[in-house]
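Novice: Dropping a structure here in structure tokens format, bear with me for questions.
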Amino acid sequence: MTTHYTPFDVFQNFPCTGMELYDLRHSYFGEDGKPLTAYFSMPIGDDLLKVHFRNADIVRILDELLLSTEEYGIKPYHFAYRVDNSRFFLSQSEFYKDLKREAVHYRFITGGACLDVLTTCEPIFALVRCFARLPEPDEV
């Protein structure tokens with residue numbers, strides 16, 4: 001089976017090389033499941049792109065970006081994809097694939113990292129203002 005990438009735009013399509021994974025929060029105790037929220041720095045300005053899943057089954061971060069560029073559907077500088085027939089998805093247990101038949105593989109590629117999420121939920125996107133954290137008095 002051939003891996004197929006289906007790119008989708010998030011607001012306007014930001015060039016992925018100017019973005020980085022800024023923060024990641026994944027909990028195993030949510031009202032609807034295991035919520036995941038990832039924040040990505042934007043190529044321009046101080047805003048962050050927030051990507052939220054109500055329930056993320058399996059999460060992987062690759063910080064050494066060694067992805068094949070020969071897979072069908074990869075667009076230069078694109079950030080967000082839905083991936084079909086990926087090695088990551090196909091390598092999951094038969095138990096998981098049988099239990100979560102509707103699971104989808106989402107991939108978010110930045111200049112230096114890749115976030116993979118297997119889930120039955122669609123991602124929710126928002127732009128949020130980033131404020132620089134001031135040091136606490138005892139950190140000076």
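Please note that chains go A, B, ... in the order of the structure tokens, that every chain numbers its residues from 1, and that ligands are numbered from 1 in the order shown.
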When DSSP works through the backbone of this structure, what residues of region 23-137 of chain A end up as helix (DSSP H, G or I), shown as a ChimeraX atom specification?
Specialist: /A:87-90,94-99,137
Novice: Would you work out the distance separating CA of Pro35 (chain A) from CA of Ala113 (chain A), expressed in Å to one decimal?
Specialist: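 CA of Ala113 (chain A) lies at a distance of 20.5 Å from CA of Pro35 (chain A).
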Novice: Neighbouring residues of Ile44 (chain A) were defined as those with any atom within 12 Å, considering only C-alpha atoms; residues of the same chain fewer than 5 positions away were excluded. Please report them as a list in words.
Specialist: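 Near Ile44 (chain A), the qualifying residues are Phe14, Pro15, Cys16, Thr17, Gly18, Met19, Glu20 and Leu49 of chain A.
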Novice: Could you check the closest approach to Met1 (chain A) for each of A:Asp84, A:Glu102, A:Glu122, A:Asp47 and tell me which residue wins, using only C-alpha atoms?
Specialist: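 Among A:Asp84, A:Glu102, A:Glu122, A:Asp47, it is A:Asp84 that comes nearest to Met1 (chain A).
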Novice: So, with only C-alpha atoms as the atoms that count, which of A:Val51, A:Ile74, A:Leu99, A:Cys121 lies closest to Leu21 (chain A)?
Specialist: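 Nearest candidate to Leu21 (chain A) out of A:Val51, A:Ile74, A:Leu99, A:Cys121: A:Val51.
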Novice: Residues at most 10 Å from Phe11 (chain A), counting only C-alpha atoms, excluding those fewer than 5 positions away in the same chain, as a VMD selection string?
Specialist: chain A and resid 49 125 to 127
Novice: Output the selection as a PDB file, in the first residue's frame - N, CA and C atoms for each residue.
Specialist:
```pdb
ATOM      1  N   LEU A  49      -0.265  29.069  16.923  1.00  0.00           N
ATOM      2  CA  LEU A  49      -1.343  28.275  16.348  1.00  0.00           C
ATOM      3  C   LEU A  49      -1.646  27.157  17.331  1.00  0.00           C
ATOM      4  N   PHE A 125      -8.695  24.239  15.412  1.00  0.00           N
ATOM      5  CA  PHE A 125      -7.600  25.201  15.283  1.00  0.00           C
ATOM      6  C   PHE A 125      -8.006  26.564  15.812  1.00  0.00           C
ATOM      7  N   ALA A 126      -7.037  27.269  16.413  1.00  0.00           N
ATOM      8  CA  ALA A 126      -7.271  28.636  16.881  1.00  0.00           C
ATOM      9  C   ALA A 126      -5.938  29.369  16.897  1.00  0.00           C
ATOM     10  N   LEU A 127      -5.992  30.662  16.662  1.00  0.00           N
ATOM     11  CA  LEU A 127      -4.814  31.502  16.847  1.00  0.00           C
ATOM     12  C   LEU A 127      -4.905  32.109  18.234  1.00  0.00           C
TER      13      LEU A 127
END
```
Novice: Go through A:Phe79, A:Lys34, A:Val128, A:Ile58 one by one, measure the shortest atom-to-atom distance of each to His105 (chain A) using only C-alpha atoms, and give the residue with the smallest value.
Specialist: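 With only C-alpha atoms as the atom set, the closest residue is A:Ile58.
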Novice: Name the closest residue to Asn55 (chain A) among the candidates A:Phe8, A:Phe89, A:Phe29, A:Tyr81; distances are taken between atoms, counting only C-alpha atoms.
Specialist: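 Among A:Phe8, A:Phe89, A:Phe29, A:Tyr81, it is A:Phe29 that comes nearest to Asn55 (chain A).
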Novice: Hey, which of A:Val83, A:Arg54, A:His4, A:Gln12 ends up closest to Asp32 (chain A)? Count only C-alpha atoms.
Specialist: A:Arg54
Novice: Work out how far CA of Arg129 (chain A) is from CA of Asp46 (chain A), in Å to one decimal.
Specialist: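 About the pair CA of Asp46 (chain A) and CA of Arg129 (chain A): they are 6.7 Å apart.
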Novice: Quick one: pull the distance between CA of Thr6 (chain A) and CA of Phe108 (chain A), Å, one decimal.
Specialist: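 If I compute the distance from CA of Thr6 (chain A) to CA of Phe108 (chain A), I get 11.7 Å.
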Novice: Apply DSSP to the backbone of this structure and, from chain A, keep only the residues in strand (DSSP E); write these as a PyMOL selection string.
Specialist: chain A and resi 4-7+20-26+36-41+48-53+58-62+80-84+104-109+114-119+124-128
Novice: Include N, CA and C atoms and write out the residues we just selected as a compact mmCIF listing (two decimals), in the first residue's frame.
Specialist:
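Generated file (part-v4.txt):
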```
# COMPACT_ATOMS: atom_id res chain seq x y z
N HIS A 4 -0.45 7.91 1.41
CA HIS A 4 -1.03 9.05 0.69
C HIS A 4 -1.26 10.20 1.66
N TYR A 5 -0.68 11.35 1.35
CA TYR A 5 -0.83 12.56 2.15
C TYR A 5 -1.91 13.43 1.51
N THR A 6 -2.88 13.85 2.31
CA THR A 6 -3.89 14.80 1.85
C THR A 6 -3.67 16.10 2.62
N PRO A 7 -3.09 17.11 1.97
CA PRO A 7 -2.85 18.37 2.68
C PRO A 7 -4.15 19.12 2.92
N GLU A 20 7.53 26.18 14.60
CA GLU A 20 8.13 25.19 15.50
C GLU A 20 7.10 24.77 16.53
N LEU A 21 7.25 23.55 17.03
CA LEU A 21 6.41 23.08 18.12
C LEU A 21 6.84 23.82 19.38
N TYR A 22 5.92 24.59 19.95
CA TYR A 22 6.22 25.46 21.08
C TYR A 22 5.87 24.79 22.41
N ASP A 23 4.73 24.12 22.46
CA ASP A 23 4.26 23.50 23.70
C ASP A 23 3.31 22.36 23.34
N LEU A 24 3.29 21.34 24.19
CA LEU A 24 2.42 20.18 23.97
C LEU A 24 1.86 19.76 25.31
N ARG A 25 0.53 19.58 25.36
CA ARG A 25 -0.13 19.15 26.59
C ARG A 25 -1.05 17.98 26.25
N HIS A 26 -0.78 16.85 26.88
CA HIS A 26 -1.56 15.64 26.61
C HIS A 26 -1.94 15.04 27.95
N LEU A 36 -5.53 16.46 23.77
CA LEU A 36 -4.20 16.87 23.34
C LEU A 36 -4.29 18.29 22.81
N THR A 37 -3.40 19.16 23.27
CA THR A 37 -3.30 20.51 22.73
C THR A 37 -1.85 20.78 22.40
N ALA A 38 -1.61 21.17 21.17
CA ALA A 38 -0.26 21.53 20.72
C ALA A 38 -0.27 22.98 20.28
N TYR A 39 0.78 23.68 20.63
CA TYR A 39 0.95 25.08 20.22
C TYR A 39 2.16 25.17 19.33
N PHE A 40 1.99 25.84 18.19
CA PHE A 40 3.07 26.01 17.23
C PHE A 40 3.36 27.49 17.06
N SER A 41 4.65 27.85 17.09
CA SER A 41 5.02 29.24 16.83
C SER A 41 4.78 29.55 15.36
N LEU A 48 0.46 32.20 18.42
CA LEU A 48 0.68 30.76 18.34
C LEU A 48 -0.52 30.12 17.66
N LEU A 49 -0.26 29.07 16.92
CA LEU A 49 -1.34 28.28 16.35
C LEU A 49 -1.65 27.16 17.33
N LYS A 50 -2.88 27.11 17.80
CA LYS A 50 -3.31 26.07 18.74
C LYS A 50 -4.02 24.98 17.95
N VAL A 51 -3.57 23.74 18.13
CA VAL A 51 -4.21 22.58 17.51
C VAL A 51 -4.70 21.70 18.67
N HIS A 52 -6.01 21.47 18.72
CA HIS A 52 -6.59 20.74 19.85
C HIS A 52 -7.38 19.53 19.34
N PHE A 53 -7.20 18.41 20.03
CA PHE A 53 -7.98 17.20 19.80
C PHE A 53 -8.69 16.86 21.10
N ILE A 58 -3.11 8.00 20.14
CA ILE A 58 -1.67 7.74 20.09
C ILE A 58 -0.99 8.98 19.53
N VAL A 59 0.09 9.41 20.19
CA VAL A 59 0.81 10.63 19.81
C VAL A 59 2.29 10.30 19.67
N ARG A 60 2.91 10.87 18.64
CA ARG A 60 4.35 10.68 18.44
C ARG A 60 4.94 12.01 17.98
N ILE A 61 6.12 12.33 18.51
CA ILE A 61 6.86 13.51 18.07
C ILE A 61 8.20 13.04 17.54
N LEU A 62 8.51 13.45 16.33
CA LEU A 62 9.83 13.18 15.76
C LEU A 62 10.58 14.50 15.74
N ALA A 80 -0.01 20.88 7.47
CA ALA A 80 -1.00 19.94 8.00
C ALA A 80 -1.45 18.93 6.95
N TYR A 81 -1.50 17.65 7.38
CA TYR A 81 -1.89 16.57 6.48
C TYR A 81 -2.78 15.57 7.21
N ARG A 82 -3.62 14.95 6.44
CA ARG A 82 -4.27 13.69 6.84
C ARG A 82 -3.53 12.62 6.05
N VAL A 83 -3.10 11.56 6.74
CA VAL A 83 -2.25 10.56 6.10
C VAL A 83 -2.96 9.22 6.08
N ASP A 84 -3.03 8.62 4.91
CA ASP A 84 -3.63 7.30 4.76
C ASP A 84 -2.54 6.27 4.48
N VAL A 104 -8.01 8.17 12.41
CA VAL A 104 -7.35 8.88 11.32
C VAL A 104 -5.97 9.30 11.79
N HIS A 105 -5.02 9.32 10.88
CA HIS A 105 -3.67 9.78 11.17
C HIS A 105 -3.53 11.21 10.67
N TYR A 106 -3.26 12.13 11.60
CA TYR A 106 -2.96 13.52 11.25
C TYR A 106 -1.49 13.76 11.49
N ARG A 107 -0.86 14.51 10.57
CA ARG A 107 0.56 14.84 10.69
C ARG A 107 0.74 16.34 10.51
N PHE A 108 1.52 16.92 11.43
CA PHE A 108 1.84 18.35 11.40
C PHE A 108 3.36 18.47 11.33
N ILE A 109 3.84 19.10 10.25
CA ILE A 109 5.28 19.16 9.97
C ILE A 109 5.75 20.61 10.14
N CYS A 114 8.02 16.87 13.79
CA CYS A 114 6.82 16.31 13.17
C CYS A 114 5.95 15.77 14.30
N LEU A 115 4.69 16.16 14.33
CA LEU A 115 3.74 15.66 15.31
C LEU A 115 2.74 14.76 14.60
N ASP A 116 2.67 13.50 15.04
CA ASP A 116 1.72 12.54 14.50
C ASP A 116 0.66 12.27 15.56
N VAL A 117 -0.61 12.25 15.15
CA VAL A 117 -1.71 12.00 16.06
C VAL A 117 -2.65 10.99 15.42
N LEU A 118 -2.94 9.91 16.14
CA LEU A 118 -3.96 8.96 15.72
C LEU A 118 -5.18 9.20 16.60
N THR A 119 -6.32 9.45 15.96
CA THR A 119 -7.52 9.85 16.70
C THR A 119 -8.76 9.60 15.87
N ILE A 124 -9.19 20.89 16.08
CA ILE A 124 -9.79 22.22 16.22
C ILE A 124 -8.63 23.21 16.25
N PHE A 125 -8.69 24.24 15.41
CA PHE A 125 -7.60 25.20 15.28
C PHE A 125 -8.01 26.56 15.81
N ALA A 126 -7.04 27.27 16.41
CA ALA A 126 -7.27 28.64 16.88
C ALA A 126 -5.94 29.37 16.90
N LEU A 127 -5.99 30.66 16.66
CA LEU A 127 -4.81 31.50 16.85
C LEU A 127 -4.91 32.11 18.23
N VAL A 128 -3.83 32.02 19.00
CA VAL A 128 -3.82 32.56 20.35
C VAL A 128 -2.64 33.51 20.50
```
